[in-house]
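See structure below.
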Amino acid sequence: MPNPPGSQTAPLIEKETVRQALDDQSPASQRRRRFRPDVCDVFKAGRTGLETDERFVFDIHREAARKLPDLIHARVLRVSGGQNLGEAHAREFSKKRRIGIVFSGGPAPGGHNVIAGLFDAAKKANPESEVYGFILGPDGVMDGRAVLLDEKTIDAHRNMGGFSMIQTGRAKIDTPEKTAMAKKTCRDMGLDALVVVGGDDSNTNAAFLAQHMLADGVQVIGVPKTIDGDVQAKDSKGEVLCAMSFGFHSAARAFSESVSRLCSDCASDAKYWHVCKVMGRSASHLALETALQTHAPITLIGEDIAEYTDLEREKKAREKNAIDPSAYGMTLRRLSRVICDAIVRRAGAGKNYGVMVIPEGVLEFVNEIQTFIIKLNAIIGEYNRVRDTAFHDDFPLLKDKLERLARMARRAREKNEPSVWNSRDDDLFNDLPAFFQEGLLSQRDSHGNFQFSLVETEKVIMGLVKDYLEILKEKGVYKIGIERRIYEKTLEKDGLSPDYFGPALFKNYNSQDPLRVKESIISLKTLKSALEKEGSLKPGEDIPPAVKKIYEKSVPGFKTQPHFYGYDGRGADPTLFDCVYAHNLGLTAFSLIANGATGHMAAIKNLERGFAHWEPLGVPIAPLMHLEERKGKLSLVMEKSLVDLKSPAFQAVKARREEWLAARPGPDPHRKPGPIRLSWEDDEDRPLTLILNGNS
């Protein structure tokens, strides 16, 4: 609504202090844009060369060799100084180039610095070189939508989060038709090279594009991007070539700062269990890093859950010289019991509150859920492959989908034939909550993967936890421990003797631990009975109000607050680590292009050891590929990296679980990571996961 004549608003907003306060750019953002990341020594001299590093070898998959014959035997390339490589190299390195760059998949902090590093290196080699950004991801490559990037645009986005400079998209250039469109765009624009910034699927696409564009003379280079941290690279001997994708550290720090605040909050009002789901569909790297950053009382690691062994069941079977298959692997019911045990123990110490960190894909590591996902992926994928219509269009409602599955099970039973979906599957599936059934039957993502981020993972788990806690409450197991000081003051205030009622009320009255009401006392009636039995109360007498008050304090109420951390971390400003890492990846990508490489992923070796030890590399993508189930069929893709349960980082978390659970009196040992800063003096120089793994 326009200001009326004579309004004082216009003169007010013209004041310098007011203009500064209302400026779109905060002082912190302005400082970020002015910051220039350190560069590896090899980039400081000017020209760079490439040296083939024969130390690293790969186990080549037969299907990868068949589909990528011209790239499959490529070797690791180490970026080296190029000053002494002669005039021919100088002319080739410094020639004018037209380079395209595209973001693929979800945003990750640091992406703008990849573009800035590529732009800086290209302009340094030849000021007439041009860098084009494709708009809205791979669709921009196929449709020919690109913008010529200039210094003003680059400077406005340096060290800033998001992918807003050129935006991103989830399309894949994965069919002959799409590939032909991409090739035409590159030819029409006269591109010398295309840089694909993305995750495992995007780098897979980069390798196929490199193969298809060899004849056109267009180089294709990948850059590892994902906040999930599951894009890593090792050779066949386990030598780490790329320990982490950019964006991971920033997202983990953003999540951890929020989780840390919740640790402070729940310890303040002592009322809630905050259940924090963090991104990470296939791997739990973010949950692991968040645990290290915050020391949250409970953190679930999916890969650890998958290796779960019920030691008691295993022992009983061993005593009978038998094997109990049910002792191995995690079920939903068993997972809820593990969580309940931790909650009950904290409550016994007087802490009926806490913070729990859950990776969004944790259910993928649970036996029956993994089976359902595999089977439903196959059913939906096969249906879509053989029909002109789609499964979710033909069966729009949950009841329609359930009827379809029931018919499959019935047909298999009547014909006595093997089937992907049988009666046992149908019975187990129908026992799940309707909202979870709907989630498992929801649309798959563009890769054919089940979308865990769309399912209320925490609701599934915590529903089971709440049910079992009610059972433990009725059994008198789930109780809140009472501080002796509080008990004594409460009774003495009413003129009662604590020692007179204590032995009848508590099972550990002579202990110095928080006092635990006896398990047999589960109501006011059983409380009265216990006091009468011990002679602390005469028949017919009422329970003293102070004693009743203490009992009521011991009765737990389980309150939860769910939180999801994902998009906020993707859009965070990058940490100093990611600023420097991403910028050097951009410089590495240009070095690979300028020296004729294609089908390689820009990488930095020795991230675990700190900046002084970083070694820019080109890692061949084709040898990293294997067959993996996608959209109900096997596809050749770059392998995802899961949490290594033997790694020092995981072993450290495992060793500290009991300490961080803090099922004892006293404060919780939670850690405050603090805000993201652009100063080595105030911040860690790499993810804690890498710091620990670098000290192995």
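Identifiers in this document derive from the order of the structure tokens: chains are assigned A, B, ..., residues are numbered from 1 separately in each chain, and ligands are numbered from 1 in order of occurrence.
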
| said: Need to verify the contact set: range 215-225 of chain A, 8 Å, only C-alpha atoms, exclusion of same-chain residues closer than 3 positions in sequence. Can you return it as a VMD selection string? | reply: chain A and resid 108 111 186 to 187 191 to 200 202 to 203 206 to 207 209 to 210 212 231 to 232 245 to 247 585 589 592 to 593 596 to 603

For the residues in that selection, give me N, CA and C atoms as a compact mmCIF listing (two decimals), in the first residue's frame.
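Listing of selection26.txt after writing:
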# COMPACT_ATOMS: atom_id res chain seq x y z
N ALA A 108 24.50 -28.13 -2.90
CA ALA A 108 25.47 -28.46 -1.85
C ALA A 108 26.36 -27.24 -1.66
N GLY A 111 29.26 -25.07 -4.27
CA GLY A 111 29.14 -25.19 -5.72
C GLY A 111 29.58 -23.94 -6.46
N CYS A 186 26.43 -28.92 -27.39
CA CYS A 186 27.87 -28.68 -27.27
C CYS A 186 28.48 -28.31 -28.62
N ARG A 187 28.00 -28.97 -29.69
CA ARG A 187 28.51 -28.64 -31.03
C ARG A 187 28.08 -27.23 -31.44
N LEU A 191 31.65 -25.80 -27.77
CA LEU A 191 32.31 -26.07 -26.50
C LEU A 191 33.51 -26.99 -26.67
N ASP A 192 34.55 -26.69 -25.94
CA ASP A 192 35.71 -27.58 -25.86
C ASP A 192 35.53 -28.60 -24.74
N ALA A 193 34.78 -28.23 -23.70
CA ALA A 193 34.65 -29.11 -22.55
C ALA A 193 33.36 -28.82 -21.80
N LEU A 194 32.89 -29.84 -21.08
CA LEU A 194 31.71 -29.72 -20.22
C LEU A 194 32.08 -30.26 -18.85
N VAL A 195 31.81 -29.48 -17.80
CA VAL A 195 32.07 -29.90 -16.42
C VAL A 195 30.73 -30.20 -15.76
N VAL A 196 30.59 -31.42 -15.25
CA VAL A 196 29.35 -31.87 -14.60
C VAL A 196 29.60 -31.95 -13.10
N VAL A 197 28.89 -31.13 -12.35
CA VAL A 197 29.05 -31.10 -10.89
C VAL A 197 27.88 -31.85 -10.28
N GLY A 198 28.15 -32.99 -9.66
CA GLY A 198 27.05 -33.78 -9.12
C GLY A 198 27.50 -34.96 -8.30
N GLY A 199 26.53 -35.83 -7.97
CA GLY A 199 26.78 -36.99 -7.13
C GLY A 199 27.18 -38.21 -7.94
N ASP A 200 26.89 -39.39 -7.39
CA ASP A 200 27.33 -40.62 -8.03
C ASP A 200 26.66 -40.82 -9.39
N SER A 202 25.34 -38.47 -11.32
CA SER A 202 25.76 -37.40 -12.24
C SER A 202 27.17 -37.67 -12.78
N ASN A 203 28.05 -38.17 -11.94
CA ASN A 203 29.40 -38.51 -12.41
C ASN A 203 29.36 -39.73 -13.33
N ALA A 206 28.44 -38.33 -16.51
CA ALA A 206 29.59 -37.62 -17.07
C ALA A 206 30.50 -38.60 -17.83
N ALA A 207 30.70 -39.79 -17.27
CA ALA A 207 31.55 -40.77 -17.94
C ALA A 207 30.94 -41.22 -19.26
N LEU A 209 28.81 -39.51 -21.10
CA LEU A 209 28.90 -38.38 -22.02
C LEU A 209 30.31 -38.26 -22.60
N ALA A 210 31.31 -38.49 -21.74
CA ALA A 210 32.70 -38.42 -22.22
C ALA A 210 32.94 -39.45 -23.31
N HIS A 212 30.63 -40.78 -25.35
CA HIS A 212 29.85 -40.44 -26.54
C HIS A 212 30.39 -39.19 -27.25
N VAL A 231 29.87 -39.93 -2.05
CA VAL A 231 30.69 -39.96 -3.26
C VAL A 231 32.15 -39.91 -2.83
N GLN A 232 32.77 -41.05 -2.85
CA GLN A 232 34.17 -41.19 -2.49
C GLN A 232 34.83 -42.07 -3.55
N SER A 245 33.01 -35.72 -0.70
CA SER A 245 32.50 -34.75 -1.67
C SER A 245 32.42 -33.38 -1.01
N PHE A 246 32.44 -32.32 -1.82
CA PHE A 246 32.24 -31.00 -1.23
C PHE A 246 30.78 -30.85 -0.83
N GLY A 247 30.52 -30.00 0.14
CA GLY A 247 29.17 -29.77 0.64
C GLY A 247 28.84 -30.54 1.90
N LEU A 585 38.84 -27.68 -6.42
CA LEU A 585 38.26 -28.63 -7.37
C LEU A 585 38.02 -27.95 -8.72
N ALA A 589 39.64 -29.09 -12.17
CA ALA A 589 38.85 -29.38 -13.37
C ALA A 589 39.46 -28.68 -14.59
N LEU A 592 42.66 -30.44 -15.75
CA LEU A 592 42.36 -31.67 -16.50
C LEU A 592 41.95 -31.32 -17.93
N ILE A 593 41.12 -30.29 -18.07
CA ILE A 593 40.68 -29.87 -19.41
C ILE A 593 41.86 -29.37 -20.24
N GLY A 596 44.01 -32.07 -21.67
CA GLY A 596 43.44 -33.06 -22.57
C GLY A 596 42.72 -34.24 -21.94
N ALA A 597 42.49 -34.23 -20.63
CA ALA A 597 41.82 -35.36 -19.98
C ALA A 597 40.33 -35.34 -20.27
N THR A 598 39.70 -36.51 -20.23
CA THR A 598 38.25 -36.61 -20.32
C THR A 598 37.80 -37.89 -19.61
N GLY A 599 36.57 -37.86 -19.09
CA GLY A 599 36.06 -39.02 -18.36
C GLY A 599 36.63 -39.14 -16.97
N HIS A 600 37.28 -38.09 -16.48
CA HIS A 600 37.86 -38.08 -15.13
C HIS A 600 37.01 -37.24 -14.19
N MET A 601 37.13 -37.54 -12.92
CA MET A 601 36.50 -36.74 -11.87
C MET A 601 37.59 -35.94 -11.16
N ALA A 602 37.41 -34.64 -11.07
CA ALA A 602 38.36 -33.82 -10.32
C ALA A 602 38.30 -34.23 -8.85
N ALA A 603 39.44 -34.38 -8.23
CA ALA A 603 39.49 -34.84 -6.84
C ALA A 603 40.71 -34.25 -6.15

| task | Check range 328-488 of chain A with DSSP on the backbone and list each residue it calls alpha helix (DSSP H), as a PyMOL selection string. | result | chain A and resi 332-348+367-386+391-394+398-415+423-430+434-440+457-474+484-488

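Remark: for Cys263 in chain A, the closest of the candidate residues A:Lys399, A:Lys672, A:Arg318, A:Arg677 is A:Lys672 (distances computed over only C-alpha atoms).
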
| task | Write out as an NGL selection string the residues lying within 9 Å of Lys172 in chain A, counting only C-alpha atoms and excluding same-chain residues fewer than 2 positions away. | result | :A and (104 or 138-139 or 169-170 or 174-175 or 178 or 201-202 or 205 or 446-447)

Using only C-alpha atoms, please write the residues we just selected to a file, as a CSV table (one decimal), in the first residue's frame.
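So the final result, stored in out.csv, reads:
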chain,number,residue,atom,x,y,z
A,104,SER,CA,23.1,-31.8,-11.4
A,138,PRO,CA,21.0,-31.1,-17.4
A,139,ASP,CA,17.8,-29.9,-18.9
A,169,GLY,CA,17.9,-29.8,-11.8
A,170,ARG,CA,17.5,-33.6,-11.5
A,174,ASP,CA,20.8,-41.2,-19.9
A,175,THR,CA,19.1,-42.2,-23.2
A,178,LYS,CA,18.9,-37.1,-24.6
A,201,ASP,CA,24.7,-40.7,-10.8
A,202,SER,CA,25.8,-37.4,-12.2
A,205,ASN,CA,26.4,-39.7,-16.6
A,446,SER,CA,14.4,-40.1,-11.0
A,447,HIS,CA,16.9,-42.8,-10.3

Compile a residue-level contact table for range 234-352 of chain A against range 547-560 of chain A at a cut-off of 10 Å, reporting for every qualifying residue the shortest atom pair and its distance in Å to one decimal, with only C-alpha atoms counted, rows ordered by chain and ascending number, as a tab-separated table.
residue	atom	partner	partner_atom	distance
A:Lys271	CA	A:Lys559	CA	6.9
A:Tyr272	CA	A:Lys559	CA	5.2
A:Trp273	CA	A:Thr560	CA	4.7
A:His274	CA	A:Thr560	CA	5.7
A:Val275	CA	A:Thr560	CA	6.8
A:Ile343	CA	A:Phe558	CA	9.5
A:Val344	CA	A:Pro556	CA	9.6
A:Ala347	CA	A:Pro556	CA	7.9
A:Gly348	CA	A:Ser554	CA	9.0
A:Gly350	CA	A:Ser554	CA	8.6
A:Asn352	CA	A:Pro556	CA	7.1

For the residues in that selection, give me all heavy atoms as a PDB file, in the first residue's frame.
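Saved to selection02.pdb:
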ATOM      1  N   LYS A 271      12.060 -31.881  29.405  1.00  0.00           N
ATOM      2  CA  LYS A 271      10.701 -32.316  29.117  1.00  0.00           C
ATOM      3  C   LYS A 271      10.587 -33.155  27.850  1.00  0.00           C
ATOM      4  O   LYS A 271       9.747 -34.033  27.777  1.00  0.00           O
ATOM      5  CB  LYS A 271       9.812 -31.077  28.997  1.00  0.00           C
ATOM      6  CG  LYS A 271       8.335 -31.361  28.841  1.00  0.00           C
ATOM      7  CD  LYS A 271       7.492 -30.123  29.122  1.00  0.00           C
ATOM      8  CE  LYS A 271       7.870 -28.937  28.287  1.00  0.00           C
ATOM      9  NZ  LYS A 271       6.978 -27.768  28.507  1.00  0.00           N
ATOM     10  N   TYR A 272      11.437 -32.892  26.846  1.00  0.00           N
ATOM     11  CA  TYR A 272      11.240 -33.513  25.540  1.00  0.00           C
ATOM     12  C   TYR A 272      12.393 -34.416  25.128  1.00  0.00           C
ATOM     13  O   TYR A 272      13.546 -34.202  25.495  1.00  0.00           O
ATOM     14  CB  TYR A 272      11.094 -32.441  24.456  1.00  0.00           C
ATOM     15  CG  TYR A 272       9.852 -31.609  24.560  1.00  0.00           C
ATOM     16  CD1 TYR A 272       9.928 -30.272  24.941  1.00  0.00           C
ATOM     17  CD2 TYR A 272       8.596 -32.144  24.266  1.00  0.00           C
ATOM     18  CE1 TYR A 272       8.785 -29.488  25.031  1.00  0.00           C
ATOM     19  CE2 TYR A 272       7.451 -31.368  24.348  1.00  0.00           C
ATOM     20  CZ  TYR A 272       7.552 -30.043  24.732  1.00  0.00           C
ATOM     21  OH  TYR A 272       6.420 -29.288  24.822  1.00  0.00           O
ATOM     22  N   TRP A 273      12.043 -35.400  24.295  1.00  0.00           N
ATOM     23  CA  TRP A 273      13.027 -36.094  23.474  1.00  0.00           C
ATOM     24  C   TRP A 273      12.904 -35.479  22.078  1.00  0.00           C
ATOM     25  O   TRP A 273      11.865 -35.572  21.439  1.00  0.00           O
ATOM     26  CB  TRP A 273      12.753 -37.594  23.418  1.00  0.00           C
ATOM     27  CG  TRP A 273      13.497 -38.355  24.467  1.00  0.00           C
ATOM     28  CD1 TRP A 273      13.037 -38.748  25.684  1.00  0.00           C
ATOM     29  CD2 TRP A 273      14.855 -38.800  24.386  1.00  0.00           C
ATOM     30  NE1 TRP A 273      14.021 -39.410  26.385  1.00  0.00           N
ATOM     31  CE2 TRP A 273      15.153 -39.458  25.602  1.00  0.00           C
ATOM     32  CE3 TRP A 273      15.856 -38.707  23.416  1.00  0.00           C
ATOM     33  CZ2 TRP A 273      16.397 -40.016  25.870  1.00  0.00           C
ATOM     34  CZ3 TRP A 273      17.097 -39.264  23.681  1.00  0.00           C
ATOM     35  CH2 TRP A 273      17.352 -39.909  24.891  1.00  0.00           C
ATOM     36  N   HIS A 274      13.967 -34.823  21.631  1.00  0.00           N
ATOM     37  CA  HIS A 274      13.995 -34.260  20.287  1.00  0.00           C
ATOM     38  C   HIS A 274      14.512 -35.331  19.329  1.00  0.00           C
ATOM     39  O   HIS A 274      15.632 -35.832  19.493  1.00  0.00           O
ATOM     40  CB  HIS A 274      14.900 -33.030  20.237  1.00  0.00           C
ATOM     41  CG  HIS A 274      14.359 -31.867  21.001  1.00  0.00           C
ATOM     42  ND1 HIS A 274      13.366 -31.056  20.509  1.00  0.00           N
ATOM     43  CD2 HIS A 274      14.650 -31.390  22.240  1.00  0.00           C
ATOM     44  CE1 HIS A 274      13.074 -30.121  21.399  1.00  0.00           C
ATOM     45  NE2 HIS A 274      13.836 -30.302  22.459  1.00  0.00           N
ATOM     46  N   VAL A 275      13.700 -35.690  18.347  1.00  0.00           N
ATOM     47  CA  VAL A 275      14.058 -36.732  17.387  1.00  0.00           C
ATOM     48  C   VAL A 275      14.457 -36.040  16.092  1.00  0.00           C
ATOM     49  O   VAL A 275      13.623 -35.449  15.397  1.00  0.00           O
ATOM     50  CB  VAL A 275      12.881 -37.694  17.154  1.00  0.00           C
ATOM     51  CG1 VAL A 275      13.298 -38.825  16.216  1.00  0.00           C
ATOM     52  CG2 VAL A 275      12.387 -38.262  18.483  1.00  0.00           C
ATOM     53  N   ILE A 343      16.498 -44.986  26.462  1.00  0.00           N
ATOM     54  CA  ILE A 343      15.592 -44.007  27.056  1.00  0.00           C
ATOM     55  C   ILE A 343      15.306 -44.349  28.508  1.00  0.00           C
ATOM     56  O   ILE A 343      15.308 -43.473  29.391  1.00  0.00           O
ATOM     57  CB  ILE A 343      14.282 -43.946  26.237  1.00  0.00           C
ATOM     58  CG1 ILE A 343      14.553 -43.314  24.872  1.00  0.00           C
ATOM     59  CG2 ILE A 343      13.205 -43.146  26.980  1.00  0.00           C
ATOM     60  CD1 ILE A 343      13.395 -43.410  23.901  1.00  0.00           C
ATOM     61  N   VAL A 344      15.070 -45.628  28.786  1.00  0.00           N
ATOM     62  CA  VAL A 344      14.761 -46.074  30.155  1.00  0.00           C
ATOM     63  C   VAL A 344      15.952 -45.848  31.079  1.00  0.00           C
ATOM     64  O   VAL A 344      15.796 -45.417  32.230  1.00  0.00           O
ATOM     65  CB  VAL A 344      14.345 -47.564  30.143  1.00  0.00           C
ATOM     66  CG1 VAL A 344      14.329 -48.134  31.558  1.00  0.00           C
ATOM     67  CG2 VAL A 344      12.972 -47.721  29.502  1.00  0.00           C
ATOM     68  N   ALA A 347      16.194 -42.199  31.864  1.00  0.00           N
ATOM     69  CA  ALA A 347      15.114 -41.836  32.790  1.00  0.00           C
ATOM     70  C   ALA A 347      15.453 -42.285  34.203  1.00  0.00           C
ATOM     71  O   ALA A 347      15.207 -41.557  35.180  1.00  0.00           O
ATOM     72  CB  ALA A 347      13.804 -42.465  32.336  1.00  0.00           C
ATOM     73  N   GLY A 348      16.052 -43.445  34.323  1.00  0.00           N
ATOM     74  CA  GLY A 348      16.438 -43.947  35.642  1.00  0.00           C
ATOM     75  C   GLY A 348      17.459 -43.065  36.323  1.00  0.00           C
ATOM     76  O   GLY A 348      17.565 -43.043  37.555  1.00  0.00           O
ATOM     77  N   GLY A 350      17.248 -39.917  36.080  1.00  0.00           N
ATOM     78  CA  GLY A 350      16.565 -38.643  36.273  1.00  0.00           C
ATOM     79  C   GLY A 350      16.472 -37.791  35.029  1.00  0.00           C
ATOM     80  O   GLY A 350      16.082 -36.623  35.096  1.00  0.00           O
ATOM     81  N   ASN A 352      14.582 -37.782  31.785  1.00  0.00           N
ATOM     82  CA  ASN A 352      13.542 -38.258  30.879  1.00  0.00           C
ATOM     83  C   ASN A 352      13.433 -37.308  29.684  1.00  0.00           C
ATOM     84  O   ASN A 352      12.366 -36.809  29.351  1.00  0.00           O
ATOM     85  CB  ASN A 352      12.199 -38.362  31.612  1.00  0.00           C
ATOM     86  CG  ASN A 352      11.187 -39.158  30.819  1.00  0.00           C
ATOM     87  OD1 ASN A 352      11.533 -40.151  30.184  1.00  0.00           O
ATOM     88  ND2 ASN A 352       9.938 -38.721  30.844  1.00  0.00           N
TER      89      ASN A 352
END

| task | May I have the residues within 10 Å of Gly144 in chain A as a PyMOL selection string, using only C-alpha atoms and disregarding those fewer than 2 positions away in the same chain? | result | chain A and resi 134-135+138-142+146-147+181-182+184-186+188-189

Go ahead and save the residues from that selection, with N, CA and C atoms, as a PDB file, in the first residue's frame.
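Okay, out.pdb is ready:
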ATOM      1  N   PHE A 134      25.121 -23.666 -17.614  1.00  0.00           N
ATOM      2  CA  PHE A 134      23.843 -24.177 -18.110  1.00  0.00           C
ATOM      3  C   PHE A 134      22.778 -23.994 -17.039  1.00  0.00           C
ATOM      4  N   ILE A 135      21.612 -23.502 -17.460  1.00  0.00           N
ATOM      5  CA  ILE A 135      20.551 -23.120 -16.535  1.00  0.00           C
ATOM      6  C   ILE A 135      19.677 -24.320 -16.176  1.00  0.00           C
ATOM      7  N   PRO A 138      20.877 -30.429 -16.068  1.00  0.00           N
ATOM      8  CA  PRO A 138      21.031 -31.123 -17.354  1.00  0.00           C
ATOM      9  C   PRO A 138      19.985 -30.757 -18.400  1.00  0.00           C
ATOM     10  N   ASP A 139      18.787 -30.351 -17.956  1.00  0.00           N
ATOM     11  CA  ASP A 139      17.799 -29.879 -18.934  1.00  0.00           C
ATOM     12  C   ASP A 139      18.359 -28.712 -19.739  1.00  0.00           C
ATOM     13  N   GLY A 140      19.139 -27.860 -19.078  1.00  0.00           N
ATOM     14  CA  GLY A 140      19.752 -26.732 -19.771  1.00  0.00           C
ATOM     15  C   GLY A 140      20.729 -27.183 -20.837  1.00  0.00           C
ATOM     16  N   VAL A 141      21.453 -28.290 -20.552  1.00  0.00           N
ATOM     17  CA  VAL A 141      22.392 -28.829 -21.543  1.00  0.00           C
ATOM     18  C   VAL A 141      21.618 -29.359 -22.745  1.00  0.00           C
ATOM     19  N   MET A 142      20.547 -30.097 -22.488  1.00  0.00           N
ATOM     20  CA  MET A 142      19.777 -30.688 -23.587  1.00  0.00           C
ATOM     21  C   MET A 142      19.031 -29.630 -24.390  1.00  0.00           C
ATOM     22  N   ALA A 146      21.896 -21.548 -21.705  1.00  0.00           N
ATOM     23  CA  ALA A 146      23.147 -21.256 -21.002  1.00  0.00           C
ATOM     24  C   ALA A 146      23.359 -19.756 -20.935  1.00  0.00           C
ATOM     25  N   VAL A 147      24.182 -19.334 -19.973  1.00  0.00           N
ATOM     26  CA  VAL A 147      24.512 -17.926 -19.816  1.00  0.00           C
ATOM     27  C   VAL A 147      26.030 -17.796 -19.747  1.00  0.00           C
ATOM     28  N   MET A 181      20.756 -34.798 -27.932  1.00  0.00           N
ATOM     29  CA  MET A 181      20.427 -33.395 -27.680  1.00  0.00           C
ATOM     30  C   MET A 181      21.601 -32.673 -27.029  1.00  0.00           C
ATOM     31  N   ALA A 182      22.241 -33.333 -26.048  1.00  0.00           N
ATOM     32  CA  ALA A 182      23.379 -32.724 -25.356  1.00  0.00           C
ATOM     33  C   ALA A 182      24.550 -32.516 -26.314  1.00  0.00           C
ATOM     34  N   LYS A 184      24.398 -32.089 -29.541  1.00  0.00           N
ATOM     35  CA  LYS A 184      24.059 -30.997 -30.459  1.00  0.00           C
ATOM     36  C   LYS A 184      24.301 -29.641 -29.799  1.00  0.00           C
ATOM     37  N   THR A 185      23.896 -29.520 -28.524  1.00  0.00           N
ATOM     38  CA  THR A 185      24.122 -28.259 -27.808  1.00  0.00           C
ATOM     39  C   THR A 185      25.605 -27.930 -27.752  1.00  0.00           C
ATOM     40  N   CYS A 186      26.426 -28.917 -27.393  1.00  0.00           N
ATOM     41  CA  CYS A 186      27.869 -28.678 -27.271  1.00  0.00           C
ATOM     42  C   CYS A 186      28.477 -28.310 -28.622  1.00  0.00           C
ATOM     43  N   ASP A 188      26.789 -26.928 -31.233  1.00  0.00           N
ATOM     44  CA  ASP A 188      26.277 -25.621 -31.639  1.00  0.00           C
ATOM     45  C   ASP A 188      26.969 -24.483 -30.897  1.00  0.00           C
ATOM     46  N   MET A 189      27.328 -24.717 -29.619  1.00  0.00           N
ATOM     47  CA  MET A 189      27.990 -23.680 -28.831  1.00  0.00           C
ATOM     48  C   MET A 189      29.497 -23.666 -29.037  1.00  0.00           C
TER      49      MET A 189
END

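Counting only C-alpha atoms and comparing A:Lys528, A:Ala122, A:Ile676, A:Gly46, the residue that lies closest to Asp542 in chain A is A:Lys528.
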
| field | Distance in Å - CA of Val259 in chain A versus CA of Asp304 in chain A | value | 21.3 Å
